[in-house]
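Have a look at the structure below before the remarks.
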Amino acid sequence: MAKRAAGFLIFRRLCERIEYLMLQASYGQHHWSPPKGHVDPGEDDYATALRETTEESGYKETDLNVHKNHSCTLEYKVKGHDKVVVYWLAELRNPSQAATLSDEHQDMKWLDCDGAIQIAGYEDFAKMVRAFDAKIKQKEL
């Protein structure tokens, strides 16, 4: 059975610029990703995304405008095991509000679409970010 995780792809608007929050893990290969984490027993995906985002970035649901009808599910392998991650798109209400990192992460960056894609390094993640970015820029959100 695939491990399941959930999180938010958080973005902020700075004038005409759209930036995405990327966190660098403090373990393993120090990969970069949006806030996310494993679904606990009895927890649904959305509750996991809220919990993990608060734990990893300090942002609470009230800090975000979560677009619950804009989600993307990524499926991939980690160390030979199947993993499923559900991301919802979420806008930071106050673009100048600083994140508070947990000990699970050693760095954070706000990056444009191309920067977030480059730092993450995965094609399925790239497709998701490009699709969300297009919706934001077409003023659909």
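The way I read the labels, and the way they are meant: chains A, B, ... in the order of the structure tokens, residue 1 as the first residue of every chain, and ligand 1 as the first ligand shown, with later ones counted on from there.
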Residue list (helix (DSSP H, G or I), DSSP) for chain A, as a PyMOL selection string
chain A and resi 45-57+61-63+113-120+123-137
DSSP on the backbone, strand (DSSP E) only: what residues of region 21-75 of chain A does that give? Format it as a list in words.
Leu21, Met22, Leu23, Gln24, Ala25, Trp32, Ser33, Lys36, Gly37, His38, Leu64, Asn65, Val66, His67, Lys68, Asn69, His70, Ser71, Cys72, Thr73, Leu74 and Glu75 of chain A
Would you write out, as a Markdown table, a table of all residues in region 86-119 of chain A that have an atom no more than 7 Å from an atom of region 12-35 of chain A, listing for each the closest atom pair and the distance in Å to one decimal, considering only C-alpha atoms and ordering rows by chain and rising residue number?
| residue | atom | partner | partner_atom | distance |
| --- | --- | --- | --- | --- |
| A:Glu91 | CA | A:Arg12 | CA | 5.7 |
| A:Leu92 | CA | A:Arg12 | CA | 5.3 |
| A:Pro95 | CA | A:Arg12 | CA | 5.3 |
| A:Glu104 | CA | A:Ser26 | CA | 5.4 |
| A:His105 | CA | A:Ala25 | CA | 4.3 |
| A:Gln106 | CA | A:Ser26 | CA | 4.9 |
| A:Asp107 | CA | A:Gln24 | CA | 5.1 |
| A:Met108 | CA | A:Leu23 | CA | 4.4 |
| A:Lys109 | CA | A:Met22 | CA | 5.4 |
| A:Trp110 | CA | A:Leu21 | CA | 4.7 |
| A:Leu111 | CA | A:Glu19 | CA | 4.8 |
| A:Asp112 | CA | A:Glu19 | CA | 4.5 |
| A:Cys113 | CA | A:Glu19 | CA | 6.9 |
| A:Ala116 | CA | A:Tyr20 | CA | 6.6 |
| A:Ile119 | CA | A:Trp32 | CA | 6.3 |
Of the candidates A:Gly7, A:Ala99, A:Ala134, A:Lys127, which shows the shortest atom-to-atom distance to Gly58 (chain A), using only C-alpha atoms?
A:Ala99
Nearest to Leu89 (chain A), chosen from A:Leu101, A:Glu75, A:Lys139, A:Val129, with only C-alpha atoms counted in the distances
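Using only C-alpha atoms, the shortest distance to Leu89 (chain A) belongs to A:Val129.
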Determine the nearest neighbour of Lys77 (chain A) from the options A:Ala98, A:Leu9, A:Tyr122, A:Thr62, counting only C-alpha atoms.
A:Tyr122
